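Student: For reference, the file entry_19.csv (CSV, C-alpha atoms) is included below:
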```csv
chain,number,residue,atom,x,y,z
A,3,MET,CA,60.5,119.3,18.9
A,4,SER,CA,57.1,118.4,20.2
A,5,ILE,CA,55.4,119.8,23.2
A,6,ASN,CA,55.5,116.4,24.9
A,7,SER,CA,59.3,116.1,24.6
A,8,LYS,CA,59.9,118.8,27.1
A,9,ALA,CA,57.4,117.3,29.5
A,10,ARG,CA,59.1,113.9,29.2
A,11,ARG,CA,62.6,115.5,29.8
A,12,ASP,CA,61.3,117.3,32.8
A,13,ALA,CA,59.6,114.2,34.2
A,14,LYS,CA,62.9,112.2,33.8
A,15,LYS,CA,64.8,115.0,35.7
A,16,ARG,CA,62.2,114.9,38.5
A,17,LYS,CA,62.4,111.1,38.7
A,18,ALA,CA,66.2,111.1,38.7
A,19,GLN,CA,66.2,113.8,41.5
A,20,LYS,CA,63.7,111.8,43.5
A,21,GLU,CA,65.8,108.6,43.2
A,22,ARG,CA,69.0,110.5,44.3
A,23,ASN,CA,67.1,111.9,47.3
A,24,GLN,CA,65.8,108.4,48.2
A,25,ARG,CA,69.3,106.9,48.0
A,26,LEU,CA,70.6,109.6,50.3
A,27,ALA,CA,67.7,109.1,52.7
A,28,ASN,CA,68.3,105.3,52.8
A,29,ALA,CA,72.1,105.6,53.3
A,30,PRO,CA,73.4,104.6,56.8
A,31,LYS,CA,73.6,107.6,59.0
A,32,THR,CA,77.0,108.8,60.3
A,33,VAL,CA,76.8,109.6,64.0
A,34,GLY,CA,79.7,111.3,65.9
A,35,HIS,CA,80.6,109.7,69.2
A,36,ALA,CA,83.8,111.2,70.4
A,37,GLU,CA,86.1,114.1,69.6
A,38,LEU,CA,89.5,115.5,70.6
A,39,ARG,CA,89.8,119.3,70.4
A,40,ASN,CA,92.9,121.4,70.9
A,41,GLN,CA,92.9,124.6,73.0
A,42,ALA,CA,91.7,126.7,70.1
A,43,GLY,CA,88.6,124.4,69.9
A,44,GLU,CA,89.7,122.8,66.6
A,45,LEU,CA,88.8,119.2,66.0
A,46,VAL,CA,92.0,117.1,65.9
A,47,ALA,CA,90.5,113.6,66.1
A,48,GLY,CA,87.2,111.9,66.5
A,49,ILE,CA,85.2,108.7,66.3
A,50,VAL,CA,82.0,108.2,64.3
A,51,ARG,CA,79.8,105.2,63.8
A,52,ARG,CA,78.3,104.3,60.4
A,53,GLY,CA,76.5,101.2,59.5
A,54,GLY,CA,77.6,99.3,62.6
A,55,ALA,CA,81.3,100.1,62.2
A,56,TRP,CA,83.4,102.5,64.2
A,57,PHE,CA,85.7,104.9,62.4
A,58,LEU,CA,88.7,106.8,63.9
A,59,GLY,CA,89.7,110.0,62.2
A,60,ILE,CA,92.9,111.9,63.1
A,61,ASP,CA,94.1,115.1,61.6
A,62,GLY,CA,91.4,115.1,58.9
A,63,ARG,CA,92.0,111.5,57.7
A,64,ILE,CA,90.5,108.2,58.5
A,65,ALA,CA,93.1,106.4,60.6
A,66,GLY,CA,91.2,103.2,60.9
A,67,SER,CA,87.9,101.4,61.5
A,68,SER,CA,86.8,98.5,63.6
A,69,ASP,CA,83.7,96.7,64.7
A,70,SER,CA,85.0,97.1,68.2
A,71,ALA,CA,84.1,100.3,70.1
A,72,ALA,CA,86.6,99.4,72.8
A,73,GLU,CA,89.4,99.2,70.3
A,74,VAL,CA,88.7,102.6,68.6
A,75,PHE,CA,88.1,104.2,72.1
A,76,ALA,CA,91.4,102.9,73.3
A,77,LEU,CA,93.1,104.3,70.2
A,78,LEU,CA,91.5,107.7,70.7
A,79,LYS,CA,92.8,107.8,74.3
A,80,ARG,CA,96.2,106.8,73.0
A,81,ALA,CA,96.1,109.6,70.5
A,82,ALA,CA,95.1,112.1,73.3
A,83,LYS,CA,98.2,110.9,75.3
A,84,THR,CA,100.4,111.4,72.3
A,85,TYR,CA,99.1,114.9,71.7
A,86,GLU,CA,99.6,115.8,75.4
A,87,ALA,CA,103.2,114.3,75.3
A,88,ASN,CA,104.0,116.5,72.4
A,89,GLY,CA,102.9,119.7,74.2
A,90,MET,CA,99.5,120.0,72.6
A,91,PRO,CA,96.8,119.9,75.3
A,92,VAL,CA,93.5,118.3,74.1
A,93,ARG,CA,90.1,117.9,75.5
A,94,MET,CA,88.2,114.6,74.9
A,95,ILE,CA,84.4,114.4,74.8
A,96,TYR,CA,82.7,111.1,74.1
A,97,SER,CA,79.2,109.7,74.1
A,98,ASP,CA,77.7,107.4,76.7
A,99,GLU,CA,76.9,104.9,74.0
A,100,LEU,CA,80.6,104.7,73.0
A,101,ARG,CA,81.7,104.3,76.6
A,102,ASP,CA,79.0,101.8,77.5
A,103,THR,CA,79.6,99.7,74.3
A,104,ALA,CA,83.4,99.7,75.0
A,105,VAL,CA,82.8,98.6,78.6
A,106,ILE,CA,80.5,95.8,77.5
A,107,GLU,CA,83.0,94.6,74.9
A,108,ALA,CA,85.9,94.6,77.5
A,109,ALA,CA,83.7,92.8,80.0
A,110,ALA,CA,82.9,90.1,77.5
A,111,GLN,CA,86.7,89.4,77.5
A,112,GLY,CA,86.7,89.4,81.3
A,113,LEU,CA,88.5,92.8,81.5
A,114,THR,CA,87.8,96.3,82.7
A,115,LEU,CA,88.1,99.1,80.1
A,116,GLU,CA,91.5,100.1,81.6
A,117,GLN,CA,92.7,96.5,81.4
A,118,PHE,CA,91.6,96.3,77.8
A,119,ASP,CA,93.4,99.6,77.0
A,120,ALA,CA,96.6,98.2,78.6
A,121,LYS,CA,96.3,94.9,76.8
A,122,LEU,CA,95.9,96.7,73.4
A,123,GLU,CA,98.9,98.9,74.2
A,124,GLU,CA,101.0,95.8,75.0
A,125,GLU,CA,99.9,94.2,71.7
A,126,MET,CA,100.7,97.4,69.7
A,127,GLN,CA,104.2,97.6,71.3
A,128,ALA,CA,104.8,93.9,70.6
A,129,ASN,CA,103.8,94.4,67.0
A,130,ALA,CA,106.0,97.5,66.7
A,131,ALA,CA,109.0,95.6,68.2
A,132,ALA,CA,108.3,92.7,65.9
A,133,SER,CA,108.1,95.0,62.9
A,134,ALA,CA,111.4,96.7,63.9
A,135,ASN,CA,113.0,93.3,64.0
A,136,GLY,CA,111.6,92.4,60.6
A,137,VAL,CA,109.2,89.8,62.0
A,138,GLU,CA,105.6,90.0,60.9
A,139,SER,CA,103.0,89.6,63.6
A,140,GLY,CA,99.3,89.2,63.1
A,141,PRO,CA,96.6,86.8,61.9
A,142,ASP,CA,98.3,86.2,58.5
A,143,SER,CA,101.8,85.7,59.7
A,144,GLY,CA,101.3,82.6,61.9
A,145,THR,CA,102.9,84.4,64.8
A,146,GLU,CA,100.9,85.8,67.7
A,147,PRO,CA,102.2,88.4,70.2
A,148,GLN,CA,102.6,86.8,73.5
A,149,ALA,CA,100.9,88.5,76.4
A,150,SER,CA,102.6,88.3,79.8
A,151,SER,CA,100.4,87.8,82.8
```
Rewrite the structure of this file - the entire thing - as structure tokens.

Tutor:
Amino acid sequence: MSINSKARRDAKKRKAQKERNQRLANAPKTVGHAELRNQAGELVAGIVRRGGAWFLGIDGRIAGSSDSAAEVFALLKRAAKTYEANGMPVRMIYSDELRDTAVIEAAAQGLTLEQFDAKLEEEMQANAAASANGVESGPDSGTEPQASS
């Protein structure tokens, strides 16, 4: 083995390490925006934003994602109500950015954040009822849940 072989191997290793570090540095950052914690301070649910998308995690798993901050915020509030109803008090902390973005999205639909939450809850209940009756509901099924005004 020549003296230059080791130098070339080491140079390749350094180059590969530099490329890995560069890929990690250029990756979209994941930023936490909301969390639900139980009385022991353990994280039970949360919302993060990565690459423009909002992700909802519950019990250590990704429960869903959306481009809508208002939608994931409403789902987190729904999860908090569910935990409370099951006798597990939780504390919710959220960022101003999440709240403000959700308010702007709701306002774009002519709704307050509370109205948006109620509308989403109605849609989810209608979808659950339709699923229980064996009827698909959603964009691919051709049927839309009817909102009552």

Student: Excluding Ile60 of chain A and residues on its chain fewer than 6 positions from it, collect all residues at most 10 Å away from it, counting all atoms listed in the file, and give them as a list in words.

Tutor: Glu37, Leu38, Leu45, Val46, Ala47, Gly48, Ile49, Gly66, Leu78 and Ala81 of chain A

Student: Near Glu86 of chain A, within 12 Å and counting all atoms listed in the file, which residues show up once chain neighbours fewer than 5 positions away are dropped, as a list in words?

Tutor: Leu38, Arg39, Asn40, Gln41, Lys79, Arg80, Ala81, Pro91, Val92, Arg93 and Met94 of chain A

Student: Work out how far atom CA of Ala42 of chain A is from atom CA of Gly89 of chain A, in Å to one decimal.

Tutor: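 Atom CA of Ala42 of chain A lies at a distance of 13.8 Å from atom CA of Gly89 of chain A.
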
Student: Take atom CA of Gly112 of chain A and atom CA of Asp98 of chain A and report the distance between them in Å, one decimal.

Tutor: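 Taking atom CA of Gly112 of chain A and atom CA of Asp98 of chain A, their separation equals 20.6 Å.
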
Student: How many Å separate atom CA of Arg101 of chain A from atom CA of Ala72 of chain A?

Tutor: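 So the answer is 7.9 Å.
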
Student: Which of these residues is nearest to Arg51 of chain A, using all atoms listed in the file: A:Arg25, A:Lys31, A:Lys20, A:Lys14?

Tutor: A:Lys31

Student: Which residue, A:Ala104, A:Gly62, A:Ala36, A:Phe118, has the smallest gap to Ala82 of chain A when you use all atoms listed in the file?

Tutor: A:Ala36

Student: Can I get the residues of segment 17-62 of chain A within 12 Å of segment 4-13 of chain A, each with the closest pair of atoms and their distance in Å to one decimal, using all atoms listed in the file, sorted chain first then ascending number, as a tab-separated table?

Tutor:
```
residue	atom	partner	partner_atom	distance
A:Lys17	CA	A:Ala13	CA	6.1
A:Ala18	CA	A:Ala13	CA	8.6
A:Gln19	CA	A:Ala13	CA	9.8
A:Lys20	CA	A:Ala13	CA	10.4
```
